[in-house]
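Note sheet for the following structure.
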Amino acid sequence: MQRREFLSTAFAVAAAGLAPRSARASSALVEVLLNEPIGTIAPELQGHFTEHIGEVIYNGIWVGEDSKIPNVGGIRKALVDHMRQLHAPVIRWPGGCFADSYNWRDGVGPRAQRPVRTNFWDNSTQLCKAPDGPQKYDPNTFGTAEFMRFCRLCGSQPYVAANVRSLTPHDFDEWVEYCNSPPGSTTLAQTRANDGSRDPYNVIYWGIGNESWGCGGDFRPEDYAVEFSRFTSWVPDYGLKLRFIGSGPGAGPQDPQVSWTRGFLETLLTKRPHLIERMYGLSMHYYCGSTGKGNSLQFSTDEWYQMLTQADAMDPLVNQHWQAMGDYDTEHKAKLVVDEWGAWHQGPILGPAYLFSYVPSLRDALVTAITLDIFNRHADKLAMCNDAQLVNNINTLFLAREERFVPTTIFHVFDMYKSHQGGRSLRLVCDAPGVSYGAGKTLWGLAGSASQHGKTLVLTVVNPHTSEPRETEIELRGGEARSAQVTVLTDSDIHAHNDFDHPEAVVPQTQPAGLSGSRFVWTFKPASVTKLEIELA
Ligand code: AHR
């Protein structure tokens, strides 16, 4: 352990009034501080992202009305059923980088008459056309009306990303008009009615571009600030409070890109501080990458720990950007929106047309749990987070190929963590021996998050150690357990995964936990994600 890390843990332990590790029966201690709330965990922190890329939209979501695959008006039924199970709060669309090449007009009107366009991704060679390669010519069968229907079926809010690179603020205004104008009011309201919805979609969340420092226009932050003010100026609101999300940094531990956050906010707000009212949130993207050969299923124990350490870098990145935002927005009116995150492995891909796809393993389940725990612990700073991406892509919850459909290890973590949605995030102190790996590197021994929902306390904890169970004293400060149930996701093989041939190789197990009182001992299994749902006395 680094001296700084040791001191901060020691300080946290002392501040919480804990017994030193040597004086305790167990080697580890988790303290839930029921009287130290952090903030409400917005359900939107467990949001999703879908882009016209590879097999996400076509084949993943859209199978067509005439398909033999069970569907609801062309949308894959198994996907809808699983999204409802997750209480999926919000879905982002149509990109990603694709958003800044997308003309929404191509995706409205009678489906048979919509134009076929070159998709943004991998359009460089004739030889790689789908289904034999990743190139897709987008038929625009799945457009705004289909996306809105997908959201409604899932019970989710839509979050739409505008095209800042290649369309104008006028086009954006008209997209808002198509979505939100009252029934019978305008020509675009009529187009929407012809597309199946007389009633407005009432879309509140609008992204102003995507990765505007890169695929979204290669802007400098100062120039993007000008675009942000143009695109958000006098947008018709149809009586709704629209929530605009600025395109923020593509952050990483080596280069957090705080200069983007600062440059953008400095230009936007200096001399015009009132413009902060236009910004509901500032987006941040962080992909924790891969390790070794980049293969999602082939990695060493060291690469397992390295990957989890990379996932953990989300925590300082949130802090760094939040602090920078506070220098310009001292009341923190705008929140952070992590609208793309996940582990990005290079392969193996599911098939030639499945751009950026891979089969996630137990390692990716822990990456996801670590990340969702970080989001819970920063519930006061974050308004929304969107896992990239929902199906057949990076950090994917589902694999879909024709009629086959598999919930991945990542889905199961989301399913476990949905119990945190809407809860009061509580401060948690974890004190456990760190795990040493590689040449002198250390990862913490336990980490997690806690939330309270009336008389129910939800505690989620990750034990990253590949072989050692962690016996742990759990102390509820300011409360007492009456009963508890535990759900555990793990496997004896750290490479375990669900795929088309083994759809249920890794599934969580739930059972009564037999715990009571304000202090009890629980043993966290190796390489596991654990959820304790505790009924308080
Ligand atoms: O999620 C895939 C791509 O990653 C997105 O289109 C882009 O925003 C990011 O770079």
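Letters for chains follow the order of the structure tokens (A, B, ...), residue numbers begin at 1 for each chain, and ligand numbers begin at 1 in the order shown.
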- Item | All residues having an atom within 6 Å of ligand 1 (only C-alpha atoms and all ligand atoms) as an MDAnalysis selection string | chainID A and resid 95:98 211 388
- Task: Would you please extract all alpha helix (DSSP H) residues from range 90-256 of chain A, as assigned by DSSP on the backbone, and give them as JSON, numbers by chain?
- Result: {"A": [144, 145, 146, 147, 148, 149, 150, 151, 152, 153, 154, 169, 170, 171, 172, 173, 174, 175, 176, 177, 178, 179, 180, 187, 188, 189, 190, 191, 192, 193, 194, 221, 222, 223, 224, 225, 226, 227, 228, 229, 230, 231, 232]}
Resulting file, chosen residues, N, CA and C atoms, as a tab-separated table (two decimals), in the first residue's frame:
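After the write, selection-v5.tsv holds the following:
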chain	number	residue	atom	x	y	z
A	144	THR	N	-36.52	7.67	-35.05
A	144	THR	CA	-36.97	8.26	-33.78
A	144	THR	C	-38.21	7.55	-33.23
A	145	ALA	N	-39.20	7.31	-34.10
A	145	ALA	CA	-40.45	6.70	-33.60
A	145	ALA	C	-40.18	5.32	-33.03
A	146	GLU	N	-39.28	4.56	-33.69
A	146	GLU	CA	-38.99	3.20	-33.22
A	146	GLU	C	-38.22	3.25	-31.90
A	147	PHE	N	-37.29	4.22	-31.80
A	147	PHE	CA	-36.54	4.35	-30.55
A	147	PHE	C	-37.48	4.72	-29.40
A	148	MET	N	-38.39	5.65	-29.66
A	148	MET	CA	-39.31	6.07	-28.60
A	148	MET	C	-40.21	4.90	-28.17
A	149	ARG	N	-40.60	4.10	-29.15
A	149	ARG	CA	-41.43	2.93	-28.81
A	149	ARG	C	-40.63	1.94	-27.98
A	150	PHE	N	-39.37	1.77	-28.34
A	150	PHE	CA	-38.49	0.87	-27.57
A	150	PHE	C	-38.41	1.37	-26.12
A	151	CYS	N	-38.20	2.69	-25.94
A	151	CYS	CA	-38.11	3.26	-24.59
A	151	CYS	C	-39.40	3.02	-23.82
A	152	ARG	N	-40.53	3.26	-24.49
A	152	ARG	CA	-41.82	3.10	-23.80
A	152	ARG	C	-42.03	1.64	-23.38
A	153	LEU	N	-41.69	0.73	-24.28
A	153	LEU	CA	-41.85	-0.69	-23.95
A	153	LEU	C	-41.00	-1.07	-22.74
A	154	CYS	N	-39.80	-0.46	-22.66
A	154	CYS	CA	-38.88	-0.79	-21.57
A	154	CYS	C	-39.22	-0.03	-20.30
A	169	PRO	N	-28.25	24.27	-35.59
A	169	PRO	CA	-29.21	24.46	-34.49
A	169	PRO	C	-30.66	24.43	-34.99
A	170	HIS	N	-30.89	24.88	-36.20
A	170	HIS	CA	-32.24	24.85	-36.77
A	170	HIS	C	-32.74	23.39	-36.91
A	171	ASP	N	-31.85	22.53	-37.39
A	171	ASP	CA	-32.23	21.11	-37.50
A	171	ASP	C	-32.54	20.54	-36.11
A	172	PHE	N	-31.74	20.97	-35.14
A	172	PHE	CA	-31.96	20.48	-33.78
A	172	PHE	C	-33.33	20.94	-33.27
A	173	ASP	N	-33.62	22.24	-33.46
A	173	ASP	CA	-34.94	22.77	-33.04
A	173	ASP	C	-36.06	21.93	-33.65
A	174	GLU	N	-35.89	21.57	-34.92
A	174	GLU	CA	-36.97	20.83	-35.58
A	174	GLU	C	-37.08	19.38	-35.10
A	175	TRP	N	-35.96	18.83	-34.67
A	175	TRP	CA	-36.03	17.47	-34.08
A	175	TRP	C	-36.81	17.54	-32.76
A	176	VAL	N	-36.52	18.60	-31.98
A	176	VAL	CA	-37.26	18.79	-30.73
A	176	VAL	C	-38.74	18.98	-31.06
A	177	GLU	N	-39.00	19.72	-32.13
A	177	GLU	CA	-40.40	19.95	-32.53
A	177	GLU	C	-41.08	18.64	-32.92
A	178	TYR	N	-40.38	17.83	-33.71
A	178	TYR	CA	-40.94	16.53	-34.11
A	178	TYR	C	-41.29	15.71	-32.86
A	179	CYS	N	-40.41	15.76	-31.87
A	179	CYS	CA	-40.61	14.92	-30.67
A	179	CYS	C	-41.65	15.49	-29.71
A	180	ASN	N	-41.65	16.82	-29.53
A	180	ASN	CA	-42.35	17.36	-28.37
A	180	ASN	C	-43.52	18.30	-28.67
A	187	THR	N	-46.62	20.88	-38.74
A	187	THR	CA	-46.44	19.85	-39.77
A	187	THR	C	-45.63	18.68	-39.20
A	188	LEU	N	-44.64	18.99	-38.38
A	188	LEU	CA	-43.83	17.89	-37.82
A	188	LEU	C	-44.61	17.09	-36.77
A	189	ALA	N	-45.54	17.76	-36.08
A	189	ALA	CA	-46.41	17.01	-35.15
A	189	ALA	C	-47.26	16.02	-35.95
A	190	GLN	N	-47.64	16.45	-37.15
A	190	GLN	CA	-48.44	15.57	-38.01
A	190	GLN	C	-47.58	14.40	-38.52
A	191	THR	N	-46.31	14.71	-38.87
A	191	THR	CA	-45.40	13.63	-39.31
A	191	THR	C	-45.27	12.60	-38.19
A	192	ARG	N	-45.13	13.10	-36.95
A	192	ARG	CA	-45.01	12.19	-35.80
A	192	ARG	C	-46.29	11.35	-35.66
A	193	ALA	N	-47.44	12.02	-35.84
A	193	ALA	CA	-48.70	11.27	-35.74
A	193	ALA	C	-48.76	10.19	-36.82
A	194	ASN	N	-48.34	10.55	-38.03
A	194	ASN	CA	-48.32	9.54	-39.11
A	194	ASN	C	-47.37	8.39	-38.77
A	221	PRO	N	-12.14	23.34	-26.91
A	221	PRO	CA	-13.21	23.56	-25.92
A	221	PRO	C	-13.84	24.94	-26.06
A	222	GLU	N	-13.03	25.93	-26.43
A	222	GLU	CA	-13.55	27.30	-26.57
A	222	GLU	C	-14.57	27.36	-27.72
A	223	ASP	N	-14.25	26.64	-28.81
A	223	ASP	CA	-15.16	26.67	-29.96
A	223	ASP	C	-16.44	25.88	-29.66
A	224	TYR	N	-16.26	24.78	-28.95
A	224	TYR	CA	-17.45	23.99	-28.60
A	224	TYR	C	-18.39	24.81	-27.69
A	225	ALA	N	-17.81	25.64	-26.83
A	225	ALA	CA	-18.65	26.47	-25.96
A	225	ALA	C	-19.57	27.36	-26.79
A	226	VAL	N	-19.05	27.84	-27.93
A	226	VAL	CA	-19.88	28.67	-28.82
A	226	VAL	C	-21.02	27.83	-29.39
A	227	GLU	N	-20.68	26.60	-29.82
A	227	GLU	CA	-21.71	25.71	-30.37
A	227	GLU	C	-22.76	25.37	-29.31
A	228	PHE	N	-22.29	25.13	-28.10
A	228	PHE	CA	-23.23	24.77	-27.03
A	228	PHE	C	-24.22	25.92	-26.82
A	229	SER	N	-23.70	27.18	-26.82
A	229	SER	CA	-24.66	28.28	-26.59
A	229	SER	C	-25.60	28.45	-27.78
A	230	ARG	N	-25.11	28.23	-29.01
A	230	ARG	CA	-26.00	28.34	-30.18
A	230	ARG	C	-27.08	27.26	-30.15
A	231	PHE	N	-26.66	26.03	-29.87
A	231	PHE	CA	-27.61	24.91	-29.93
A	231	PHE	C	-28.65	24.96	-28.81
A	232	THR	N	-28.30	25.60	-27.69
A	232	THR	CA	-29.25	25.60	-26.56
A	232	THR	C	-30.01	26.92	-26.44
- Message: When you count only C-alpha atoms, which of these residues is closest to Phe520 in chain A: A:Thr472, A:Asn386, A:Thr396, A:Thr442?
- Response: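 When distances to Phe520 in chain A are compared using only C-alpha atoms, the smallest one comes from A:Thr472.
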Report as an mmCIF file with all heavy atoms, in the first residue's frame all protein, DNA and RNA residues lying within 12 Å of Gln509 in chain A, evaluated on only C-alpha atoms, omitting residues in the same chain fewer than 5 positions from it.
data_model
loop_
_atom_site.group_PDB
_atom_site.id
_atom_site.type_symbol
_atom_site.label_atom_id
_atom_site.label_comp_id
_atom_site.auth_asym_id
_atom_site.auth_seq_id
_atom_site.Cartn_x
_atom_site.Cartn_y
_atom_site.Cartn_z
ATOM 1 N N HIS A 412 -26.369 -9.420 -14.969
ATOM 2 C CA HIS A 412 -26.695 -9.906 -13.618
ATOM 3 C C HIS A 412 -26.273 -8.895 -12.555
ATOM 4 O O HIS A 412 -26.933 -8.779 -11.520
ATOM 5 C CB HIS A 412 -26.071 -11.278 -13.384
ATOM 6 C CG HIS A 412 -26.733 -12.339 -14.226
ATOM 7 N ND1 HIS A 412 -28.078 -12.630 -14.118
ATOM 8 C CD2 HIS A 412 -26.247 -13.135 -15.216
ATOM 9 C CE1 HIS A 412 -28.397 -13.568 -14.996
ATOM 10 N NE2 HIS A 412 -27.302 -13.891 -15.674
ATOM 11 N N VAL A 413 -25.195 -8.164 -12.806
ATOM 12 C CA VAL A 413 -24.796 -7.128 -11.841
ATOM 13 C C VAL A 413 -25.842 -6.008 -11.835
ATOM 14 O O VAL A 413 -26.283 -5.552 -10.773
ATOM 15 C CB VAL A 413 -23.391 -6.579 -12.169
ATOM 16 C CG1 VAL A 413 -23.050 -5.394 -11.261
ATOM 17 C CG2 VAL A 413 -22.356 -7.684 -12.016
ATOM 18 N N MET A 416 -28.755 -7.128 -9.899
ATOM 19 C CA MET A 416 -28.533 -7.079 -8.450
ATOM 20 C C MET A 416 -28.586 -5.640 -7.940
ATOM 21 O O MET A 416 -29.158 -5.351 -6.892
ATOM 22 C CB MET A 416 -27.154 -7.680 -8.115
ATOM 23 C CG MET A 416 -27.066 -9.188 -8.263
ATOM 24 S SD MET A 416 -25.351 -9.789 -8.177
ATOM 25 C CE MET A 416 -24.929 -9.523 -6.452
ATOM 26 N N GLN A 485 -31.036 -11.010 3.505
ATOM 27 C CA GLN A 485 -30.937 -11.987 2.406
ATOM 28 C C GLN A 485 -29.701 -11.620 1.603
ATOM 29 O O GLN A 485 -29.369 -10.440 1.473
ATOM 30 C CB GLN A 485 -32.236 -11.929 1.638
ATOM 31 C CG GLN A 485 -32.126 -11.859 0.179
ATOM 32 C CD GLN A 485 -33.486 -12.045 -0.490
ATOM 33 O OE1 GLN A 485 -34.273 -12.912 -0.140
ATOM 34 N NE2 GLN A 485 -33.730 -11.219 -1.483
ATOM 35 N N VAL A 486 -29.031 -12.636 1.096
ATOM 36 C CA VAL A 486 -27.780 -12.376 0.375
ATOM 37 C C VAL A 486 -27.874 -12.908 -1.054
ATOM 38 O O VAL A 486 -28.466 -13.955 -1.299
ATOM 39 C CB VAL A 486 -26.575 -13.001 1.122
ATOM 40 C CG1 VAL A 486 -26.684 -14.524 1.172
ATOM 41 C CG2 VAL A 486 -25.252 -12.579 0.509
ATOM 42 N N THR A 487 -27.279 -12.150 -1.979
ATOM 43 C CA THR A 487 -27.180 -12.582 -3.374
ATOM 44 C C THR A 487 -25.703 -12.499 -3.763
ATOM 45 O O THR A 487 -25.067 -11.470 -3.536
ATOM 46 C CB THR A 487 -28.011 -11.666 -4.291
ATOM 47 O OG1 THR A 487 -29.352 -11.655 -3.814
ATOM 48 C CG2 THR A 487 -27.987 -12.137 -5.733
ATOM 49 N N VAL A 488 -25.186 -13.584 -4.335
ATOM 50 C CA VAL A 488 -23.763 -13.621 -4.682
ATOM 51 C C VAL A 488 -23.589 -14.015 -6.146
ATOM 52 O O VAL A 488 -24.205 -14.973 -6.616
ATOM 53 C CB VAL A 488 -22.988 -14.628 -3.793
ATOM 54 C CG1 VAL A 488 -21.494 -14.605 -4.124
ATOM 55 C CG2 VAL A 488 -23.196 -14.331 -2.319
ATOM 56 N N LEU A 489 -22.733 -13.270 -6.842
ATOM 57 C CA LEU A 489 -22.361 -13.614 -8.218
ATOM 58 C C LEU A 489 -20.872 -13.951 -8.209
ATOM 59 O O LEU A 489 -20.034 -13.086 -7.882
ATOM 60 C CB LEU A 489 -22.615 -12.429 -9.146
ATOM 61 C CG LEU A 489 -22.368 -12.691 -10.634
ATOM 62 C CD1 LEU A 489 -23.467 -13.571 -11.223
ATOM 63 C CD2 LEU A 489 -22.294 -11.382 -11.416
ATOM 64 N N THR A 490 -20.530 -15.180 -8.530
ATOM 65 C CA THR A 490 -19.129 -15.596 -8.534
ATOM 66 C C THR A 490 -18.979 -16.906 -9.317
ATOM 67 O O THR A 490 -19.956 -17.468 -9.797
ATOM 68 C CB THR A 490 -18.581 -15.772 -7.104
ATOM 69 O OG1 THR A 490 -17.160 -15.989 -7.166
ATOM 70 C CG2 THR A 490 -19.238 -16.923 -6.367
ATOM 71 N N ASP A 491 -17.744 -17.357 -9.417
ATOM 72 C CA ASP A 491 -17.460 -18.644 -10.037
ATOM 73 C C ASP A 491 -16.053 -19.042 -9.616
ATOM 74 O O ASP A 491 -15.240 -18.174 -9.290
ATOM 75 C CB ASP A 491 -17.542 -18.545 -11.569
ATOM 76 C CG ASP A 491 -17.700 -19.905 -12.220
ATOM 77 O OD1 ASP A 491 -16.687 -20.611 -12.404
ATOM 78 O OD2 ASP A 491 -18.856 -20.271 -12.520
ATOM 79 N N GLU A 504 -26.405 -19.850 -18.996
ATOM 80 C CA GLU A 504 -26.561 -19.673 -17.545
ATOM 81 C C GLU A 504 -25.350 -20.197 -16.792
ATOM 82 O O GLU A 504 -25.460 -20.722 -15.680
ATOM 83 C CB GLU A 504 -27.823 -20.371 -17.069
ATOM 84 C CG GLU A 504 -29.043 -19.715 -17.657
ATOM 85 C CD GLU A 504 -30.326 -20.187 -17.032
ATOM 86 O OE1 GLU A 504 -30.304 -21.109 -16.205
ATOM 87 O OE2 GLU A 504 -31.356 -19.609 -17.408
ATOM 88 N N SER A 528 -15.851 -12.111 -6.189
ATOM 89 C CA SER A 528 -17.315 -12.082 -6.089
ATOM 90 C C SER A 528 -17.884 -10.674 -6.016
ATOM 91 O O SER A 528 -17.210 -9.723 -5.626
ATOM 92 C CB SER A 528 -17.755 -12.833 -4.830
ATOM 93 O OG SER A 528 -17.328 -12.134 -3.675
ATOM 94 N N VAL A 529 -19.169 -10.612 -6.387
ATOM 95 C CA VAL A 529 -20.003 -9.440 -6.132
ATOM 96 C C VAL A 529 -21.098 -9.927 -5.195
ATOM 97 O O VAL A 529 -21.785 -10.910 -5.507
ATOM 98 C CB VAL A 529 -20.648 -8.906 -7.429
ATOM 99 C CG1 VAL A 529 -21.491 -7.676 -7.138
ATOM 100 C CG2 VAL A 529 -19.592 -8.614 -8.488
ATOM 101 N N THR A 530 -21.252 -9.253 -4.054
ATOM 102 C CA THR A 530 -22.236 -9.680 -3.051
ATOM 103 C C THR A 530 -23.198 -8.547 -2.765
ATOM 104 O O THR A 530 -22.788 -7.386 -2.654
ATOM 105 C CB THR A 530 -21.519 -10.072 -1.734
ATOM 106 O OG1 THR A 530 -20.627 -11.141 -2.012
ATOM 107 C CG2 THR A 530 -22.504 -10.494 -0.654
ATOM 108 N N LYS A 531 -24.466 -8.914 -2.646
ATOM 109 C CA LYS A 531 -25.468 -7.923 -2.201
ATOM 110 C C LYS A 531 -26.134 -8.453 -0.942
ATOM 111 O O LYS A 531 -26.671 -9.569 -0.934
ATOM 112 C CB LYS A 531 -26.524 -7.704 -3.290
ATOM 113 C CG LYS A 531 -27.663 -6.810 -2.815
ATOM 114 C CD LYS A 531 -28.626 -6.450 -3.921
ATOM 115 C CE LYS A 531 -29.515 -7.604 -4.334
ATOM 116 N NZ LYS A 531 -30.620 -7.189 -5.198
ATOM 117 N N LEU A 532 -26.099 -7.649 0.121
ATOM 118 C CA LEU A 532 -26.847 -7.967 1.338
ATOM 119 C C LEU A 532 -28.029 -7.024 1.402
ATOM 120 O O LEU A 532 -27.844 -5.799 1.339
ATOM 121 C CB LEU A 532 -25.961 -7.778 2.570
ATOM 122 C CG LEU A 532 -24.905 -8.864 2.818
ATOM 123 C CD1 LEU A 532 -23.871 -8.381 3.816
ATOM 124 C CD2 LEU A 532 -25.549 -10.154 3.303
#
- Expressed in Å to a single decimal, how great is the separation between CA of Phe299 in chain A and CA of Ile53 in chain A?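 Between CA of Phe299 in chain A and CA of Ile53 in chain A the gap is 26.6 Å.
Minimum atom-to-atom distance to Glu471 in chain A, evaluated using only C-alpha atoms, belongs to A:Lys525 out of A:Ile374, A:Lys525, A:Gly422, A:Val458.
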